[in-house]
Amino acid sequence: MNIKLAVLASGRGSNFLALIKTIQQNTLKAEINTLLSDREKAHALDIARTHNIPARYIPYDKNNRQTFEEQAVKQIKKQGCDLVILAGFMRLLTPYFIREFAHRILNIHPSLLPSFKGIHAQKQALDYGVKISGCTVHVVTEDMDSGPIIGQRAVHILEEDTEETLSARILEQEHALYPEAIQRYMKRIRKSVYSEQYCLPR
Ligand code: GRF
């Protein structure tokens with residue numbers, strides 16, 4: 001049975017596009033039922049339209065985050081979904097949204113968590129001087145970039161790396177990691193005797 005996905009994205013949408021491609025190649029057995037964005041000009045919205053994926057821009061008011069989230073929850077439930085996938089979604093979700101889809105929201109982050117949480121993770125890694133960084137897919141909990149880890153890929157940092165060159169190599173790994181992590185996580189949920197209650201991956 002295909003995994004039903006809802007994707008939230010704020011920007012260029014390369015992870016979203018990578019998911020679409022792996023679905024087309026049948027490597028990821030899933031369907032993307034909806035794409036939501038908090039930015040009207042997000043390239044992810046164009047990608048969704050090009051691929052006939054129902055897409056919607058929902059304005060985000062940082063003084064009233066629940067308005068965005070209530071509309072998003074409504075839309076996601078209407079379209080049906082097993083997992084909510086954050087793909088470059090640049091907003092912090094409130095406990096309200098996280099509890100609505102408890103243990104069913106995944107995020108991808110461009111570092112080897114728990115190192116370098118938050119924004120500019122690649123620059124943080126370079127500034128710190130680590131020799132290996134990478135990317136992580138994790139379950140979203142109420143603490144930022146802190147939920148249980150589903151998968152990681154490592155990237156060696158080169159002497160000559162800049163934020164741009166390192167980000168590009170990590171991004172390549174993100175595109176491979178996200179589909180495999182989604183498939184793996186969904187398999188665990190389906191196998192679990194607790195699947196009715198939505199289980200944690202360990
Ligand atoms: C990626 O680096 C992802 O790890 C981070 O935001 C970026 C989104 O890129 N959360 P894209 O919009 O998927 O191209």
# chains A, B, ... in the order shown; residues from 1 in each chain; ligands from 1
$ residues_around --residues "A:Ile58" --least-positions-apart "3" --cutoff "8 Å" --atoms "only C-alpha atoms" --output "MDAnalysis selection string"
chainID A and resid 36:40 68 71:72
$ write_last_selection --atoms "C-alpha atoms" --output "mmCIF file, in the first residue's frame"
data_model
loop_
_atom_site.group_PDB
_atom_site.id
_atom_site.type_symbol
_atom_site.label_atom_id
_atom_site.label_comp_id
_atom_site.auth_asym_id
_atom_site.auth_seq_id
_atom_site.Cartn_x
_atom_site.Cartn_y
_atom_site.Cartn_z
ATOM 1 C CA LEU A 36 1.466 23.293 1.625
ATOM 2 C CA SER A 37 3.608 26.383 1.803
ATOM 3 C CA ASP A 38 3.767 29.417 4.062
ATOM 4 C CA ARG A 39 5.402 31.441 1.256
ATOM 5 C CA GLU A 40 3.433 32.539 -1.756
ATOM 6 C CA PHE A 68 -1.841 28.692 9.672
ATOM 7 C CA GLN A 71 -5.856 25.423 8.085
ATOM 8 C CA ALA A 72 -2.940 23.116 7.395
#
$ residues_near_ligand --ligand "ligand 1" --cutoff "6 Å" --atoms "only C-alpha atoms and all ligand atoms" --output "ChimeraX atom specification"
/A:11-16,87-88,108-110,171
$ select_by_dssp --residues "stretch 130-165 of chain A" --states "strand (DSSP E)" --output "JSON, numbers by chain"
{"A": [132, 133, 134, 135, 136, 137, 138, 139, 149, 150, 151, 152, 153, 154, 155, 156]}
$ write_last_selection --atoms "all heavy atoms" --output "tab-separated table (two decimals), in the first residue's frame"
chain	number	residue	atom	x	y	z
A	132	ILE	N	33.72	15.94	9.59
A	132	ILE	CA	32.62	15.19	8.98
A	132	ILE	C	31.32	15.84	9.41
A	132	ILE	O	31.12	16.13	10.60
A	132	ILE	CB	32.62	13.71	9.44
A	132	ILE	CG1	33.91	13.01	8.99
A	132	ILE	CG2	31.41	12.96	8.86
A	132	ILE	CD1	34.04	11.59	9.52
A	133	SER	N	30.46	16.11	8.42
A	133	SER	CA	29.11	16.56	8.76
A	133	SER	C	28.15	15.67	7.97
A	133	SER	O	28.51	14.54	7.64
A	133	SER	CB	28.92	18.04	8.45
A	133	SER	OG	27.71	18.48	9.02
A	134	GLY	N	26.96	16.18	7.65
A	134	GLY	CA	26.04	15.34	6.90
A	134	GLY	C	24.61	15.78	7.07
A	134	GLY	O	24.34	16.98	7.22
A	135	CYS	N	23.70	14.83	7.06
A	135	CYS	CA	22.29	15.18	7.19
A	135	CYS	C	21.56	14.11	8.01
A	135	CYS	O	22.04	12.97	8.12
A	135	CYS	CB	21.63	15.36	5.82
A	135	CYS	SG	21.94	14.02	4.67
A	136	THR	N	20.43	14.52	8.56
A	136	THR	CA	19.68	13.66	9.48
A	136	THR	C	18.19	13.76	9.17
A	136	THR	O	17.68	14.86	8.96
A	136	THR	CB	19.88	14.14	10.94
A	136	THR	OG1	21.27	14.15	11.24
A	136	THR	CG2	19.14	13.25	11.94
A	137	VAL	N	17.51	12.61	9.17
A	137	VAL	CA	16.04	12.61	9.16
A	137	VAL	C	15.59	12.17	10.54
A	137	VAL	O	16.08	11.16	11.06
A	137	VAL	CB	15.47	11.68	8.07
A	137	VAL	CG1	13.95	11.56	8.22
A	137	VAL	CG2	15.82	12.22	6.69
A	138	HIS	N	14.71	12.96	11.13
A	138	HIS	CA	14.26	12.64	12.50
A	138	HIS	C	12.76	12.89	12.64
A	138	HIS	O	12.15	13.62	11.85
A	138	HIS	CB	15.04	13.48	13.51
A	138	HIS	CG	14.76	14.96	13.43
A	138	HIS	ND1	13.83	15.59	14.21
A	138	HIS	CD2	15.27	15.91	12.61
A	138	HIS	CE1	13.79	16.87	13.91
A	138	HIS	NE2	14.65	17.11	12.93
A	139	VAL	N	12.21	12.29	13.68
A	139	VAL	CA	10.80	12.52	14.02
A	139	VAL	C	10.72	13.89	14.70
A	139	VAL	O	11.59	14.25	15.49
A	139	VAL	CB	10.29	11.42	14.98
A	139	VAL	CG1	8.82	11.63	15.32
A	139	VAL	CG2	10.50	10.04	14.37
A	149	ILE	N	16.04	9.81	15.86
A	149	ILE	CA	16.69	9.82	14.53
A	149	ILE	C	16.30	8.58	13.73
A	149	ILE	O	16.39	7.46	14.22
A	149	ILE	CB	18.21	9.93	14.72
A	149	ILE	CG1	18.55	11.34	15.25
A	149	ILE	CG2	18.96	9.64	13.42
A	149	ILE	CD1	20.00	11.52	15.66
A	150	ILE	N	15.88	8.81	12.50
A	150	ILE	CA	15.49	7.70	11.61
A	150	ILE	C	16.68	7.29	10.74
A	150	ILE	O	16.88	6.12	10.46
A	150	ILE	CB	14.34	8.10	10.65
A	150	ILE	CG1	13.19	8.78	11.38
A	150	ILE	CG2	13.84	6.91	9.83
A	150	ILE	CD1	12.53	7.90	12.38
A	151	GLY	N	17.42	8.27	10.24
A	151	GLY	CA	18.56	7.94	9.38
A	151	GLY	C	19.51	9.12	9.25
A	151	GLY	O	19.12	10.27	9.48
A	152	GLN	N	20.77	8.79	8.91
A	152	GLN	CA	21.77	9.84	8.71
A	152	GLN	C	22.69	9.46	7.56
A	152	GLN	O	22.85	8.28	7.27
A	152	GLN	CB	22.64	10.01	9.97
A	152	GLN	CG	21.87	10.58	11.15
A	152	GLN	CD	22.74	10.90	12.33
A	152	GLN	OE1	23.49	10.03	12.77
A	152	GLN	NE2	22.64	12.10	12.87
A	153	ARG	N	23.27	10.47	6.91
A	153	ARG	CA	24.32	10.23	5.92
A	153	ARG	C	25.46	11.20	6.22
A	153	ARG	O	25.21	12.37	6.50
A	153	ARG	CB	23.80	10.47	4.50
A	153	ARG	CG	23.01	9.29	3.98
A	153	ARG	CD	22.69	9.46	2.52
A	153	ARG	NE	22.18	8.20	2.01
A	153	ARG	CZ	22.54	7.66	0.86
A	153	ARG	NH1	23.41	8.28	0.08
A	153	ARG	NH2	22.03	6.52	0.46
A	154	ALA	N	26.68	10.70	6.12
A	154	ALA	CA	27.84	11.52	6.46
A	154	ALA	C	28.45	12.14	5.20
A	154	ALA	O	28.38	11.55	4.12
A	154	ALA	CB	28.89	10.66	7.16
A	155	VAL	N	29.04	13.32	5.36
A	155	VAL	CA	29.73	14.00	4.26
A	155	VAL	C	31.06	14.51	4.81
A	155	VAL	O	31.08	15.18	5.86
A	155	VAL	CB	28.88	15.20	3.76
A	155	VAL	CG1	29.67	16.05	2.77
A	155	VAL	CG2	27.58	14.71	3.12
A	156	HIS	N	32.16	14.18	4.13
A	156	HIS	CA	33.47	14.68	4.58
A	156	HIS	C	33.62	16.16	4.23
A	156	HIS	O	33.25	16.59	3.15
A	156	HIS	CB	34.59	13.88	3.89
A	156	HIS	CG	34.78	12.54	4.52
A	156	HIS	ND1	35.60	12.33	5.60
A	156	HIS	CD2	34.19	11.35	4.26
A	156	HIS	CE1	35.53	11.07	5.97
A	156	HIS	NE2	34.67	10.45	5.17
$ select_by_dssp --residues "stretch 6-174 of chain A" --states "alpha helix (DSSP H)" --output "PyMOL selection string"
chain A and resi 14-24+43-50+65-79+95-100+121-128+163-174
$ residues_around --residues "A:Leu45" --least-positions-apart "2" --cutoff "8 Å" --atoms "only C-alpha atoms" --output "VMD selection string"
chain A and resid 35 to 37 40 to 43 47 to 49 55 to 57
$ write_last_selection --atoms "all heavy atoms" --output "short mmCIF file (atom, residue, chain, number, x, y, z; two decimals), in the first residue's frame"
data_model
loop_
_atom_site.label_atom_id
_atom_site.label_comp_id
_atom_site.auth_asym_id
_atom_site.auth_seq_id
_atom_site.Cartn_x
_atom_site.Cartn_y
_atom_site.Cartn_z
N LEU A 35 0.70 19.55 -1.01
CA LEU A 35 1.90 20.36 -0.72
C LEU A 35 1.39 21.68 -0.17
O LEU A 35 0.57 22.36 -0.81
CB LEU A 35 2.71 20.56 -2.00
CG LEU A 35 4.00 21.41 -2.01
CD1 LEU A 35 3.77 22.91 -2.05
CD2 LEU A 35 4.96 21.07 -0.86
N LEU A 36 1.87 22.03 1.02
CA LEU A 36 1.47 23.29 1.63
C LEU A 36 2.69 24.17 1.82
O LEU A 36 3.77 23.68 2.17
CB LEU A 36 0.80 23.04 2.99
CG LEU A 36 -0.44 22.14 2.97
CD1 LEU A 36 -0.96 21.93 4.38
CD2 LEU A 36 -1.54 22.76 2.10
N SER A 37 2.50 25.47 1.59
CA SER A 37 3.61 26.38 1.80
C SER A 37 3.15 27.63 2.53
O SER A 37 2.03 28.10 2.34
CB SER A 37 4.24 26.77 0.46
OG SER A 37 5.35 27.60 0.73
N GLU A 40 4.17 32.49 -0.49
CA GLU A 40 3.43 32.54 -1.76
C GLU A 40 4.34 32.27 -2.95
O GLU A 40 3.92 31.67 -3.94
CB GLU A 40 2.78 33.92 -1.88
CG GLU A 40 1.65 33.95 -2.86
CD GLU A 40 0.88 35.26 -2.79
OE1 GLU A 40 1.33 36.19 -2.08
OE2 GLU A 40 -0.16 35.35 -3.45
N LYS A 41 5.61 32.72 -2.84
CA LYS A 41 6.51 32.61 -3.99
C LYS A 41 7.41 31.37 -3.91
O LYS A 41 8.37 31.25 -4.68
CB LYS A 41 7.39 33.87 -4.07
CG LYS A 41 6.60 35.16 -4.23
CD LYS A 41 7.19 36.04 -5.29
CE LYS A 41 6.41 37.31 -5.61
NZ LYS A 41 4.99 37.27 -5.53
N ALA A 42 7.11 30.47 -3.01
CA ALA A 42 7.96 29.27 -2.87
C ALA A 42 8.00 28.48 -4.18
O ALA A 42 6.95 28.20 -4.77
CB ALA A 42 7.43 28.39 -1.75
N HIS A 43 9.21 28.13 -4.60
CA HIS A 43 9.35 27.37 -5.83
C HIS A 43 8.67 25.98 -5.68
O HIS A 43 8.20 25.41 -6.67
CB HIS A 43 10.83 27.22 -6.18
CG HIS A 43 11.07 26.57 -7.50
ND1 HIS A 43 10.46 26.99 -8.67
CD2 HIS A 43 11.84 25.50 -7.84
CE1 HIS A 43 10.84 26.19 -9.66
NE2 HIS A 43 11.68 25.29 -9.18
N ILE A 47 6.63 23.56 -8.37
CA ILE A 47 6.96 22.14 -8.61
C ILE A 47 5.68 21.30 -8.45
O ILE A 47 5.39 20.43 -9.27
CB ILE A 47 8.05 21.65 -7.62
CG1 ILE A 47 9.36 22.40 -7.86
CG2 ILE A 47 8.27 20.13 -7.75
CD1 ILE A 47 10.46 22.11 -6.83
N ALA A 48 4.91 21.59 -7.40
CA ALA A 48 3.68 20.83 -7.17
C ALA A 48 2.73 20.98 -8.35
O ALA A 48 2.18 19.99 -8.86
CB ALA A 48 3.02 21.31 -5.88
N ARG A 49 2.55 22.21 -8.81
CA ARG A 49 1.61 22.44 -9.92
C ARG A 49 2.07 21.71 -11.17
O ARG A 49 1.27 21.09 -11.87
CB ARG A 49 1.47 23.95 -10.17
CG ARG A 49 0.71 24.61 -9.03
CD ARG A 49 0.55 26.11 -9.19
NE ARG A 49 0.09 26.69 -7.93
CZ ARG A 49 0.73 27.63 -7.25
NH1 ARG A 49 1.87 28.15 -7.70
NH2 ARG A 49 0.26 28.08 -6.11
N ALA A 55 -1.82 21.78 -4.34
CA ALA A 55 -0.91 22.66 -3.60
C ALA A 55 -1.66 23.88 -3.10
O ALA A 55 -2.58 24.36 -3.74
CB ALA A 55 0.23 23.10 -4.51
N ARG A 56 -1.22 24.35 -1.95
CA ARG A 56 -1.89 25.52 -1.40
C ARG A 56 -0.91 26.38 -0.62
O ARG A 56 -0.08 25.86 0.14
CB ARG A 56 -3.01 25.05 -0.48
CG ARG A 56 -4.07 26.10 -0.31
CD ARG A 56 -5.24 25.55 0.47
NE ARG A 56 -5.62 26.56 1.44
CZ ARG A 56 -6.32 26.31 2.53
NH1 ARG A 56 -6.72 25.09 2.80
NH2 ARG A 56 -6.63 27.28 3.35
N TYR A 57 -1.04 27.68 -0.86
CA TYR A 57 -0.29 28.64 -0.05
C TYR A 57 -1.20 29.06 1.10
O TYR A 57 -2.34 29.46 0.89
CB TYR A 57 0.10 29.84 -0.92
CG TYR A 57 0.32 31.12 -0.13
CD1 TYR A 57 1.34 31.21 0.82
CD2 TYR A 57 -0.48 32.24 -0.35
CE1 TYR A 57 1.53 32.37 1.55
CE2 TYR A 57 -0.29 33.41 0.38
CZ TYR A 57 0.71 33.47 1.32
OH TYR A 57 0.89 34.62 2.04
#
$ atom_distance --atom1 "atom CA of A:Lys78" --atom2 "atom CA of A:Ala176"
29.2 Å
